[in-house]
file run-v1.cif (mmCIF, C-alpha atoms)
data_entry
loop_
_atom_site.label_atom_id
_atom_site.label_comp_id
_atom_site.auth_asym_id
_atom_site.auth_seq_id
_atom_site.Cartn_x
_atom_site.Cartn_y
_atom_site.Cartn_z
CA MET J 1 0.00 0.00 0.00
CA ILE J 2 1.51 3.31 -1.12
CA ASP J 3 1.43 6.12 1.46
CA LEU J 4 0.17 9.01 -0.67
CA LYS J 5 1.11 11.70 1.84
CA GLU J 6 4.68 10.44 2.01
CA LEU J 7 4.77 10.21 -1.78
CA GLU J 8 3.54 13.80 -2.10
CA LYS J 9 6.22 14.96 0.32
CA GLU J 10 8.84 13.04 -1.67
CA LEU J 11 7.66 14.63 -4.92
CA ASP J 12 7.99 18.09 -3.34
CA GLY J 13 11.63 17.32 -2.63
CA LEU J 14 12.22 15.91 -6.10
CA SER J 15 10.66 18.98 -7.72
CA GLU J 16 13.06 21.18 -5.77
CA ARG J 17 15.96 19.04 -6.97
CA VAL J 18 14.80 19.44 -10.58
CA GLN J 19 15.00 23.23 -10.21
CA GLU J 20 18.40 22.97 -8.55
CA ALA J 21 19.59 20.73 -11.40
CA ARG J 22 18.67 23.39 -13.96
CA SER J 23 21.01 25.74 -12.13
CA PHE J 24 24.05 23.52 -11.51
CA LEU J 25 23.81 21.90 -14.95
CA HIS J 26 23.64 25.38 -16.53
CA ILE J 27 20.77 24.31 -18.79
CA GLY J 28 20.21 27.86 -20.07
CA LYS J 29 23.83 28.11 -21.20
CA CYS J 30 23.66 24.60 -22.69
CA GLU J 31 20.65 25.60 -24.78
CA TYR J 32 22.44 28.75 -25.97
CA ASP J 33 25.64 26.82 -26.80
CA ALA J 34 23.68 24.10 -28.62
CA LYS J 35 21.97 26.68 -30.80
CA ARG J 36 25.31 28.34 -31.56
CA LEU J 37 26.96 25.03 -32.49
CA GLU J 38 23.99 24.06 -34.67
CA GLU J 39 24.37 27.32 -36.58
CA GLU J 40 28.10 26.73 -36.96
CA SER J 41 27.63 23.18 -38.23
CA ALA J 42 25.09 24.41 -40.82
CA LYS J 43 27.58 26.81 -42.43
CA PRO J 44 29.09 25.94 -45.84
CA GLY J 45 32.57 24.44 -45.57
CA PHE J 46 32.00 23.19 -42.02
CA TRP J 47 33.53 19.82 -42.90
CA ASP J 48 36.57 21.32 -44.63
CA ASP J 49 38.36 20.87 -41.28
CA PRO J 50 37.27 17.31 -40.32
CA GLN J 51 38.97 17.32 -36.90
CA HIS J 52 37.31 20.56 -35.81
CA ALA J 53 33.99 19.43 -37.28
CA GLN J 54 34.12 16.19 -35.31
CA GLU J 55 34.87 18.07 -32.08
CA VAL J 56 31.95 20.45 -32.68
CA SER J 57 29.62 17.56 -33.54
CA LYS J 58 30.59 15.72 -30.36
CA GLN J 59 30.05 18.83 -28.21
CA LEU J 60 26.66 19.38 -29.84
CA ALA J 61 25.61 15.76 -29.31
CA ASP J 62 26.64 15.90 -25.62
CA LEU J 63 24.72 19.14 -25.09
CA LYS J 64 21.59 17.79 -26.79
CA SER J 65 21.77 14.61 -24.71
CA LEU J 66 22.01 16.58 -21.46
CA ILE J 67 19.16 18.92 -22.45
CA ALA J 68 16.99 15.94 -23.43
CA ASP J 69 17.68 14.25 -20.08
CA TYR J 70 16.73 17.40 -18.19
CA GLU J 71 13.51 17.73 -20.21
CA ARG J 72 12.73 14.10 -19.36
CA ALA J 73 13.21 14.92 -15.67
CA CYS J 74 10.71 17.77 -15.99
CA ARG J 75 8.19 15.47 -17.70
CA LEU J 76 8.60 12.82 -15.01
CA ALA J 77 7.98 15.38 -12.29
CA SER J 78 4.85 16.58 -14.10
CA ASP J 79 3.61 13.04 -14.83
CA ALA J 80 4.08 12.01 -11.20
CA ARG J 81 2.08 15.04 -10.01
CA GLU J 82 -0.76 14.36 -12.43
CA ALA J 83 -0.94 10.69 -11.47
CA LEU J 84 -0.93 11.60 -7.79
CA GLU J 85 -4.07 13.73 -8.27
CA PHE J 86 -6.06 10.61 -9.19
CA ALA J 87 -4.20 8.18 -6.92
CA ALA J 88 -6.72 8.40 -4.05
CA ASP J 89 -9.42 6.85 -6.24
CA ASP J 90 -7.34 4.51 -8.38
CA ALA J 91 -4.44 2.35 -7.16
CA ASP J 92 -3.04 2.15 -10.70
CA PHE J 93 -2.42 5.90 -10.67
CA ALA J 94 -0.68 5.57 -7.30
CA GLU J 95 1.64 2.94 -8.78
CA GLU J 96 2.26 5.13 -11.83
CA ALA J 97 3.20 8.06 -9.59
CA ARG J 98 5.51 5.81 -7.58
CA GLN J 99 7.30 4.55 -10.68
CA ALA J 100 7.71 8.06 -12.10
CA ALA J 101 9.12 9.28 -8.77
CA ASP J 102 11.64 6.41 -8.64
CA GLU J 103 12.76 7.02 -12.22
CA LEU J 104 13.08 10.74 -11.53
CA ALA J 105 15.15 10.13 -8.39
CA GLY J 106 17.56 7.94 -10.37
CA LEU J 107 17.89 10.56 -13.11
CA LEU J 108 18.57 13.31 -10.56
CA ASP J 109 21.29 11.14 -9.00
CA GLU J 110 22.90 10.91 -12.45
CA PHE J 111 22.73 14.71 -12.72
CA GLU J 112 24.53 14.97 -9.39
CA VAL J 113 27.31 12.76 -10.69
CA GLN J 114 27.66 14.85 -13.87
CA SER J 115 27.85 18.05 -11.83
CA TRP J 116 31.09 16.86 -10.24
CA PHE J 117 32.89 16.78 -13.57
CA GLY J 118 33.19 20.45 -14.38
CA GLY J 119 36.99 20.53 -14.29
CA ARG J 120 38.95 21.67 -17.32
CA PHE J 121 39.77 18.13 -18.48
CA ASP J 122 37.15 16.04 -16.66
CA GLY J 123 35.25 15.36 -19.87
CA GLN J 124 38.41 14.19 -21.67
CA GLY J 125 39.78 10.72 -22.11
CA ALA J 126 42.47 9.43 -19.75
CA ILE J 127 45.78 7.60 -19.73
CA VAL J 128 46.01 5.08 -16.88
CA SER J 129 49.35 3.66 -15.75
CA ILE J 130 49.85 0.93 -13.15
CA HIS J 131 53.20 0.11 -11.56
CA PRO J 132 53.89 -2.71 -9.07
CA GLY J 133 55.47 -1.76 -5.76
CA ALA J 134 58.05 -3.74 -3.84
CA GLY J 135 57.32 -7.44 -3.63
CA GLY J 136 58.61 -9.10 -6.78
CA LEU J 137 56.25 -11.67 -8.27
CA GLU J 138 53.49 -10.85 -5.79
CA ALA J 139 53.51 -7.17 -6.79
CA GLN J 140 53.58 -8.04 -10.48
CA ASP J 141 50.54 -10.27 -10.02
CA TRP J 142 48.73 -7.43 -8.19
CA CYS J 143 49.55 -5.09 -11.08
CA ASP J 144 47.95 -7.57 -13.47
CA MET J 145 44.85 -7.90 -11.24
CA LEU J 146 44.38 -4.12 -11.17
CA TYR J 147 44.89 -3.88 -14.92
CA LYS J 148 42.15 -6.46 -15.52
CA MET J 149 39.87 -4.74 -12.98
CA TYR J 150 40.12 -1.42 -14.80
CA ARG J 151 39.66 -3.03 -18.20
CA HIS J 152 36.45 -4.67 -16.95
CA TYR J 153 35.30 -1.32 -15.54
CA CYS J 154 35.93 0.41 -18.87
CA SER J 155 33.96 -2.28 -20.66
CA ALA J 156 31.03 -1.86 -18.24
CA LYS J 157 31.07 1.91 -18.85
CA LYS J 158 31.24 1.30 -22.62
CA TRP J 159 34.53 3.18 -22.79
CA LYS J 160 37.16 2.27 -25.36
CA ALA J 161 40.42 1.05 -23.77
CA THR J 162 43.59 0.86 -25.90
CA GLU J 163 46.85 -0.72 -24.73
CA LEU J 164 49.87 1.56 -24.84
CA ASP J 165 52.56 -0.22 -22.85
CA VAL J 166 51.72 -3.55 -21.24
CA VAL J 167 54.83 -5.52 -20.27
CA PRO J 168 54.65 -9.07 -18.86
CA GLY J 169 56.51 -9.70 -15.62
CA GLU J 170 59.07 -12.37 -14.92
CA GLY J 171 57.03 -15.53 -14.51
CA ILE J 172 53.62 -14.07 -13.64
CA GLY J 173 51.77 -10.78 -13.72
CA LEU J 174 52.82 -7.50 -15.31
CA ASP J 175 55.94 -5.43 -14.91
CA ARG J 176 53.89 -2.35 -15.82
CA ALA J 177 50.71 -1.45 -17.69
CA SER J 178 49.62 1.72 -19.45
CA PHE J 179 46.45 2.16 -21.49
CA GLN J 180 44.32 4.91 -22.98
CA VAL J 181 40.64 5.30 -22.11
CA ASP J 182 38.24 7.18 -24.40
CA GLY J 183 34.74 7.90 -23.14
CA LYS J 184 32.50 10.48 -21.54
CA ASN J 185 34.00 11.89 -18.31
CA ALA J 186 36.67 9.16 -18.34
CA TYR J 187 39.35 11.35 -16.76
CA GLY J 188 36.90 12.97 -14.36
CA MET J 189 35.80 9.62 -13.00
CA LEU J 190 39.11 7.76 -13.08
CA ARG J 191 41.09 10.41 -11.19
CA SER J 192 39.47 8.87 -8.11
CA GLU J 193 41.91 5.99 -8.61
CA ILE J 194 45.15 7.99 -8.36
CA GLY J 195 47.35 6.70 -5.55
CA VAL J 196 48.57 3.47 -3.98
CA HIS J 197 46.36 0.37 -3.80
CA ARG J 198 47.15 -2.20 -1.07
CA LEU J 199 46.43 -5.92 -1.34
CA VAL J 200 46.39 -8.38 1.58
CA ARG J 201 46.02 -12.11 0.81
CA ILE J 202 47.54 -15.56 1.00
CA SER J 203 50.27 -15.42 -1.62
CA PRO J 204 49.81 -17.88 -4.52
CA THR J 205 53.59 -17.85 -4.95
CA ASP J 206 54.38 -18.78 -1.33
CA ASP J 207 54.74 -22.53 -0.75
CA LYS J 208 54.11 -22.02 2.97
CA LYS J 209 50.80 -20.20 2.24
CA ARG J 210 51.64 -17.18 4.34
CA ARG J 211 49.78 -13.89 4.24
CA HIS J 212 51.43 -11.20 2.14
CA THR J 213 50.86 -7.47 1.76
CA THR J 214 51.76 -5.82 -1.51
CA PHE J 215 51.23 -2.50 -3.24
CA ALA J 216 50.76 -1.00 -6.70
CA SER J 217 50.51 2.64 -7.73
CA VAL J 218 47.97 4.00 -10.19
CA GLU J 219 48.54 7.17 -12.19
CA VAL J 220 45.79 8.85 -14.24
CA LEU J 221 46.52 11.66 -16.73
CA PRO J 222 44.10 13.55 -18.96
CA ILE J 223 44.40 13.33 -22.73
CA LEU J 224 45.20 16.95 -23.44
CA PRO J 225 43.42 18.75 -26.30
CA GLU J 226 45.70 19.99 -29.07
CA ASP J 227 45.12 23.63 -28.11
CA ILE J 228 46.69 23.14 -24.67
CA GLU J 229 50.22 24.53 -24.64
CA VAL J 230 52.89 22.46 -22.90
CA ASP J 231 56.53 23.49 -22.58
CA LEU J 232 57.91 20.58 -24.58
CA ASN J 233 60.95 21.19 -26.77
CA PRO J 234 61.62 18.16 -29.03
CA ALA J 235 65.34 18.89 -28.66
CA ASP J 236 65.00 18.05 -24.94
CA VAL J 237 63.67 14.57 -25.67
CA ARG J 238 65.88 11.55 -26.36
CA VAL J 239 64.08 8.95 -28.50
CA ASP J 240 65.17 5.31 -28.28
CA VAL J 241 63.63 2.46 -30.25
CA TYR J 242 63.78 -1.19 -29.33
CA ARG J 243 62.03 -4.49 -29.91
CA ALA J 244 58.72 -4.92 -28.11
CA SER J 245 58.80 -7.52 -25.33
CA GLY J 246 55.22 -8.71 -25.05
CA PRO J 247 52.29 -9.84 -27.19
CA GLY J 248 50.97 -7.15 -29.47
CA GLY J 249 49.84 -6.41 -32.99
CA GLN J 250 51.03 -8.02 -36.18
CA CYS J 251 54.85 -7.91 -36.48
CA VAL J 252 55.14 -5.96 -33.21
CA ASN J 253 57.74 -8.39 -31.84
CA THR J 254 59.80 -8.77 -35.02
CA THR J 255 60.72 -5.12 -35.60
CA ASP J 256 62.12 -2.29 -33.48
CA SER J 257 58.65 -0.78 -33.03
CA ALA J 258 58.75 0.05 -29.31
CA VAL J 259 59.63 3.63 -28.34
CA ARG J 260 61.18 5.07 -25.19
CA LEU J 261 61.15 8.84 -24.63
CA THR J 262 63.42 10.46 -22.05
CA HIS J 263 62.70 14.09 -21.20
CA ILE J 264 66.22 15.20 -20.27
CA PRO J 265 65.37 18.31 -18.13
CA THR J 266 63.00 16.41 -15.82
CA GLY J 267 64.20 12.82 -16.21
CA ILE J 268 60.66 11.66 -17.06
CA VAL J 269 60.70 8.42 -19.05
CA VAL J 270 57.77 7.22 -21.15
CA THR J 271 57.57 3.95 -23.06
CA CYS J 272 55.03 2.68 -25.56
CA GLN J 273 55.16 -0.64 -27.39
CA ASN J 274 51.66 -2.00 -27.97
CA GLN J 275 50.79 -0.08 -31.14
CA LYS J 276 51.47 -1.74 -34.47
CA SER J 277 54.09 0.67 -35.78
CA GLN J 278 56.98 2.70 -34.44
CA LEU J 279 55.25 5.90 -35.61
CA GLN J 280 52.06 5.07 -33.69
CA ASN J 281 54.06 4.21 -30.57
CA LYS J 282 56.00 7.47 -30.86
CA GLU J 283 52.82 9.54 -31.21
CA ALA J 284 51.21 7.78 -28.23
CA ALA J 285 54.36 8.21 -26.12
CA PHE J 286 54.52 11.94 -26.85
CA GLN J 287 50.85 12.22 -25.86
CA VAL J 288 51.65 10.62 -22.51
CA LEU J 289 54.72 12.82 -22.06
CA ARG J 290 52.67 15.97 -22.69
CA GLY J 291 50.22 14.85 -20.00
CA LYS J 292 53.03 14.16 -17.51
CA LEU J 293 54.69 17.52 -18.11
CA TYR J 294 51.39 19.37 -17.78
CA GLU J 295 50.64 17.55 -14.51
CA LEU J 296 54.15 18.39 -13.24
CA GLU J 297 53.66 22.10 -13.95
CA GLU J 298 50.19 22.08 -12.34
CA ARG J 299 51.56 20.38 -9.24
CA LYS J 300 54.35 22.96 -8.93
CA ARG J 301 51.81 25.77 -9.34
CA GLN J 302 49.56 24.38 -6.63
CA GLU J 303 52.51 23.92 -4.26
CA GLU J 304 53.58 27.53 -4.82
CA ILE J 305 50.05 28.80 -4.13
CA SER J 306 49.77 26.69 -0.99
CA ALA J 307 53.19 27.87 0.21
CA LEU J 308 52.07 31.49 -0.15
CA ARG J 309 48.92 30.70 1.81
CA GLY J 310 50.87 28.84 4.45
CA GLU J 311 49.00 25.60 3.78
CA LYS J 312 50.42 22.19 4.47
CA MET J 313 50.45 20.12 1.30
CA ASP J 314 49.32 16.51 1.38
CA ASN J 315 51.46 14.21 -0.70
CA SER J 316 48.57 12.63 -2.61
CA PHE J 317 50.81 10.87 -5.13
CA GLY J 318 52.05 7.65 -3.60
CA SER J 319 49.59 7.77 -0.71
CA GLN J 320 47.58 4.69 0.14
CA ILE J 321 43.97 5.21 -0.92
CA ARG J 322 42.31 1.80 -0.82
CA ASN J 323 42.73 -1.58 0.86
CA TYR J 324 41.78 -4.87 -0.80
CA VAL J 325 41.73 -7.58 1.86
CA LEU J 326 41.23 -11.18 0.69
CA TYR J 327 42.43 -12.88 3.91
CA PRO J 328 41.68 -13.42 6.82
CA TYR J 329 38.37 -11.75 5.86
CA GLN J 330 37.14 -10.19 2.62
CA MET J 331 36.70 -6.45 2.32
CA VAL J 332 37.56 -3.55 0.02
CA LYS J 333 37.63 -0.17 1.76
CA ASP J 334 38.44 3.29 0.46
CA LEU J 335 40.38 5.19 3.10
CA ARG J 336 39.14 8.60 1.93
CA SER J 337 35.40 8.16 1.46
CA SER J 338 35.09 5.18 3.88
CA VAL J 339 33.04 3.32 1.25
CA GLU J 340 33.48 -0.41 1.78
CA THR J 341 32.09 -3.73 0.61
CA GLY J 342 32.64 -7.41 1.35
CA ASN J 343 32.04 -8.41 -2.27
CA VAL J 344 35.71 -8.46 -3.27
CA ASP J 345 35.14 -10.59 -6.37
CA ALA J 346 32.69 -8.05 -7.81
CA VAL J 347 35.14 -5.19 -7.26
CA LEU J 348 38.04 -7.03 -8.87
CA GLY J 349 35.62 -7.85 -11.69
CA GLY J 350 35.18 -4.16 -12.42
CA ASP J 351 32.31 -3.10 -10.12
CA LEU J 352 33.94 0.20 -9.11
CA ASP J 353 31.14 2.75 -9.37
CA GLN J 354 30.44 2.74 -5.63
CA PHE J 355 34.08 3.74 -4.98
CA VAL J 356 34.35 6.22 -7.85
CA ILE J 357 31.09 7.96 -6.96
CA GLY J 358 31.83 7.71 -3.24
CA TYR J 359 35.16 9.44 -3.75
CA HIS J 360 33.66 12.32 -5.74
CA ARG J 361 30.82 12.74 -3.24
CA TRP J 362 33.41 12.86 -0.46
CA LYS J 363 35.57 15.29 -2.45
CA ALA J 364 32.62 17.60 -3.11
CA SER J 365 31.90 17.78 0.63
CA GLN J 366 35.42 18.88 1.55
#

call {"tool": "encode", "arguments": {"input": "run-v1.cif", "output": "structure tokens"}}
result
Amino acid sequence: MIDLKELEKELDGLSERVQEARSFLHIGKCEYDAKRLEEESAKPGFWDDPQHAQEVSKQLADLKSLIADYERACRLASDAREALEFAADDADFAEEARQAADELAGLLDEFEVQSWFGGRFDGQGAIVSIHPGAGGLEAQDWCDMLYKMYRHYCSAKKWKATELDVVPGEGIGLDRASFQVDGKNAYGMLRSEIGVHRLVRISPTDDKKRRHTTFASVEVLPILPEDIEVDLNPADVRVDVYRASGPGGQCVNTTDSAVRLTHIPTGIVVTCQNQKSQLQNKEAAFQVLRGKLYELEERKRQEEISALRGEKMDNSFGSQIRNYVLYPYQMVKDLRSSVETGNVDAVLGGDLDQFVIGYHRWKASQ
């Protein structure tokens, strides 16, 4: 039996959230921008610059999708109200109002998630790199487990994941893994994963079946748009080519297709070997290097600002952010948001939304 008074009270709250969503989603500006982009795309010669045209078309499609979702939220709020007016005399209308309210609540939750990704590069793709910590074979195996976890997560989000530099370890696991993720808000969502991930379990490589603790670090960089300027002088970069070491595309292991870039002023080293040609590997490696240099400059800038303010900087890079305990009990817990679950298998299988969303909700409350 549906409590109509409670439902009416709930709908009042949802209606307020719809109005708030119009504000924080900047629907008025979205409508203006969509109209402007439509006019631009209708001009003669629009497709003379295919790259620019594709970027405009994508922006327009994203804006139209958001506007359509907001209009659907308005319709659901209206439909729920209308059904509620007849609900006292007809149980079917009460059920209809209940369903509309539930659908509206879910849609508003999605709006909340989208509102967190207003950063300069949050809507961009991302480059994810995973490196095993100390621990030899155990750490390499953990690196491989994390790599598979993120690949499953990308698949669930319908994001495209492309290998850049995936190197098998000695015996088991991975010595390192780097891959590119293309999809809506990929960088915005995946930056929740930056830091050190800790695994506790009975080691499969220990004959005495003792409990081991091992670590792996995860780095997430945005794929920078071409119009972003980065202080990168090609003369400062040493380019080495070598034969790829792992499975890859056709002929990848029979030619010197792998590329290693060393940025001499900073000592940053980037490798890429999973593309089919040396040229593709070089282009991908330079893309990663641009992201690393941009992040380095941003970090320095933030440290300078904080020093002027007298703030104490937290060393977020390299800090432990999440525990994955497989023995003596099973639990995954994020140390920032305090989100936790006992369903370890689901998490390692790519069910990460509760941690990603939990992190951003925690971050927004700081």

call {"tool": "closest_atom_pairs", "arguments": {"input": "run-v1.cif", "of": "region 79-141 of chain J", "to": "region 292-299 of chain J", "cutoff": "12 Å", "atoms": "only C-alpha atoms", "output": "CSV"}}
result
residue,atom,partner,partner_atom,distance
J:Phe121,CA,J:Glu295,CA,11.6
J:Ala126,CA,J:Lys292,CA,11.8
J:Ile127,CA,J:Lys292,CA,10.0
J:Val128,CA,J:Lys292,CA,11.5
J:Ser129,CA,J:Lys292,CA,11.3

call {"tool": "residues_around", "arguments": {"input": "run-v1.cif", "residues": "Ala105 (chain J)", "least_positions_apart": "2", "cutoff": "10 Å", "atoms": "all atoms listed in the file", "output": "JSON list (two decimals) with C-alpha atoms, keeping the file's coordinate frame"}}
result
[["chain", "number", "residue", "atom", "x", "y", "z"],
["J", 10, "GLU", "CA", 8.84, 13.04, -1.67],
["J", 11, "LEU", "CA", 7.66, 14.63, -4.92],
["J", 13, "GLY", "CA", 11.63, 17.32, -2.63],
["J", 14, "LEU", "CA", 12.22, 15.91, -6.10],
["J", 15, "SER", "CA", 10.66, 18.98, -7.72],
["J", 17, "ARG", "CA", 15.96, 19.04, -6.97],
["J", 18, "VAL", "CA", 14.80, 19.44, -10.58],
["J", 73, "ALA", "CA", 13.21, 14.92, -15.67],
["J", 76, "LEU", "CA", 8.60, 12.82, -15.01],
["J", 77, "ALA", "CA", 7.98, 15.38, -12.29],
["J", 99, "GLN", "CA", 7.30, 4.55, -10.68],
["J", 100, "ALA", "CA", 7.71, 8.06, -12.10],
["J", 101, "ALA", "CA", 9.12, 9.28, -8.77],
["J", 102, "ASP", "CA", 11.64, 6.41, -8.64],
["J", 103, "GLU", "CA", 12.76, 7.02, -12.22],
["J", 107, "LEU", "CA", 17.89, 10.56, -13.11],
["J", 108, "LEU", "CA", 18.57, 13.31, -10.56],
["J", 109, "ASP", "CA", 21.29, 11.14, -9.00],
["J", 110, "GLU", "CA", 22.90, 10.91, -12.45],
["J", 111, "PHE", "CA", 22.73, 14.71, -12.72]]

call {"tool": "axis_aligned_box", "arguments": {"input": "run-v1.cif", "around": "region 265-280 of chain J", "padding_each_side": "3 Å", "output": "AutoDock Vina command-line options"}}
result
--center_x 58.1 --center_y 8.2 --center_z -25.8 --size_x 20.6 --size_y 26.3 --size_z 26.0

call {"tool": "closest_residue", "arguments": {"input": "run-v1.cif", "among": "J:Gln354, J:Thr162, J:Asn323, J:Ser155", "to": "Thr213 (chain J)", "atoms": "all atoms listed in the file"}}
result
J:Asn323

call {"tool": "closest_residue", "arguments": {"input": "run-v1.cif", "among": "J:His197, J:His131, J:Lys300, J:Lys333", "to": "Val167 (chain J)", "atoms": "only C-alpha atoms"}}
result
J:His131

call {"tool": "closest_residue", "arguments": {"input": "run-v1.cif", "among": "J:Glu229, J:Glu193, J:Asp165, J:Glu170", "to": "Val288 (chain J)", "atoms": "only C-alpha atoms"}}
result
J:Asp165

call {"tool": "closest_residue", "arguments": {"input": "run-v1.cif", "among": "J:Glu39, J:Glu219, J:Asp141, J:Asp256", "to": "Val56 (chain J)", "atoms": "all atoms listed in the file"}}
result
J:Glu39

call {"tool": "resolve_selection", "arguments": {"input": "run-v1.cif", "expression": "the PyMOL selection byres ((chain J and resi 168) around 9)", "output": "PyMOL selection string"}}
result
chain J and resi 140+144+166-167+169-177+245-247

call {"tool": "closest_residue", "arguments": {"input": "run-v1.cif", "among": "J:Glu85, J:Val200, J:Asp62, J:Gln54", "to": "Leu7 (chain J)", "atoms": "only C-alpha atoms"}}
result
J:Glu85

call {"tool": "closest_atom_pairs", "arguments": {"input": "run-v1.cif", "of": "region 205-290 of chain J", "to": "region 179-191 of chain J", "cutoff": "12 Å", "atoms": "only C-alpha atoms", "output": "CSV"}}
result
residue,atom,partner,partner_atom,distance
J:Val218,CA,J:Arg191,CA,9.5
J:Glu219,CA,J:Arg191,CA,8.2
J:Val220,CA,J:Arg191,CA,5.8
J:Leu221,CA,J:Tyr187,CA,7.2
J:Pro222,CA,J:Tyr187,CA,5.7
J:Ile223,CA,J:Tyr187,CA,8.1
J:Leu224,CA,J:Tyr187,CA,10.5
J:Thr271,CA,J:Phe179,CA,11.4
J:Cys272,CA,J:Phe179,CA,9.5
J:Gln273,CA,J:Phe179,CA,10.9
J:Asn274,CA,J:Phe179,CA,9.3
J:Gln275,CA,J:Phe179,CA,10.8
J:Ala284,CA,J:Gln180,CA,9.1
J:Ala285,CA,J:Phe179,CA,11.0
J:Gln287,CA,J:Gln180,CA,10.2
J:Val288,CA,J:Gln180,CA,9.3

call {"tool": "closest_residue", "arguments": {"input": "run-v1.cif", "among": "J:Ile2, J:Glu31, J:Gln330, J:Tyr359", "to": "Glu95 (chain J)", "atoms": "only C-alpha atoms"}}
result
J:Ile2

call {"tool": "residues_near_point", "arguments": {"input": "run-v1.cif", "point": "(37.8, -4.8, -16.3)", "cutoff": "10 Å", "atoms": "only C-alpha atoms", "output": "list in words"}}
result
Met145, Leu146, Tyr147, Lys148, Met149, Tyr150, Arg151, His152, Tyr153, Cys154, Ser155, Ala156, Lys157, Ala161, Val347, Leu348, Gly349, Gly350, Asp351 and Leu352 of chain J

call {"tool": "atom_distance", "arguments": {"input": "run-v1.cif", "atom1": "CA of Glu16 (chain J)", "atom2": "CA of Gly28 (chain J)"}}
result
17.3 Å

call {"tool": "atom_distance", "arguments": {"input": "run-v1.cif", "atom1": "CA of Ser78 (chain J)", "atom2": "CA of Asp92 (chain J)"}}
result
16.8 Å

call {"tool": "atom_distance", "arguments": {"input": "run-v1.cif", "atom1": "CA of Glu138 (chain J)", "atom2": "CA of Trp159 (chain J)"}}
result
29.1 Å

call {"tool": "resolve_selection", "arguments": {"input": "run-v1.cif", "expression": "the PyMOL selection byres ((chain J and resi 258) around 7)", "output": "list in words"}}
result
Val241, Tyr242, Arg243, Ala244, Asp256, Ser257, Val259, Arg260, Cys272, Gln273, Gln278 and Asn281 of chain J

call {"tool": "write_last_selection", "arguments": {"input": "run-v1.cif", "atoms": "C-alpha atoms", "output": "tab-separated table (two decimals), in the frame of the given file"}}
result
chain	number	residue	atom	x	y	z
J	241	VAL	CA	63.63	2.46	-30.25
J	242	TYR	CA	63.78	-1.19	-29.33
J	243	ARG	CA	62.03	-4.49	-29.91
J	244	ALA	CA	58.72	-4.92	-28.11
J	256	ASP	CA	62.12	-2.29	-33.48
J	257	SER	CA	58.65	-0.78	-33.03
J	259	VAL	CA	59.63	3.63	-28.34
J	260	ARG	CA	61.18	5.07	-25.19
J	272	CYS	CA	55.03	2.68	-25.56
J	273	GLN	CA	55.16	-0.64	-27.39
J	278	GLN	CA	56.98	2.70	-34.44
J	281	ASN	CA	54.06	4.21	-30.57

call {"tool": "resolve_selection", "arguments": {"input": "run-v1.cif", "expression": "the PyMOL selection byres ((chain J and resi 133) around 9)", "output": "PyMOL selection string"}}
result
chain J and resi 131-132+134-136+139-140+143+196+214-217

call {"tool": "write_last_selection", "arguments": {"input": "run-v1.cif", "atoms": "C-alpha atoms", "output": "CSV table (one decimal), keeping the file's coordinate frame"}}
result
chain,number,residue,atom,x,y,z
J,131,HIS,CA,53.2,0.1,-11.6
J,132,PRO,CA,53.9,-2.7,-9.1
J,134,ALA,CA,58.0,-3.7,-3.8
J,135,GLY,CA,57.3,-7.4,-3.6
J,136,GLY,CA,58.6,-9.1,-6.8
J,139,ALA,CA,53.5,-7.2,-6.8
J,140,GLN,CA,53.6,-8.0,-10.5
J,143,CYS,CA,49.6,-5.1,-11.1
J,196,VAL,CA,48.6,3.5,-4.0
J,214,THR,CA,51.8,-5.8,-1.5
J,215,PHE,CA,51.2,-2.5,-3.2
J,216,ALA,CA,50.8,-1.0,-6.7
J,217,SER,CA,50.5,2.6,-7.7
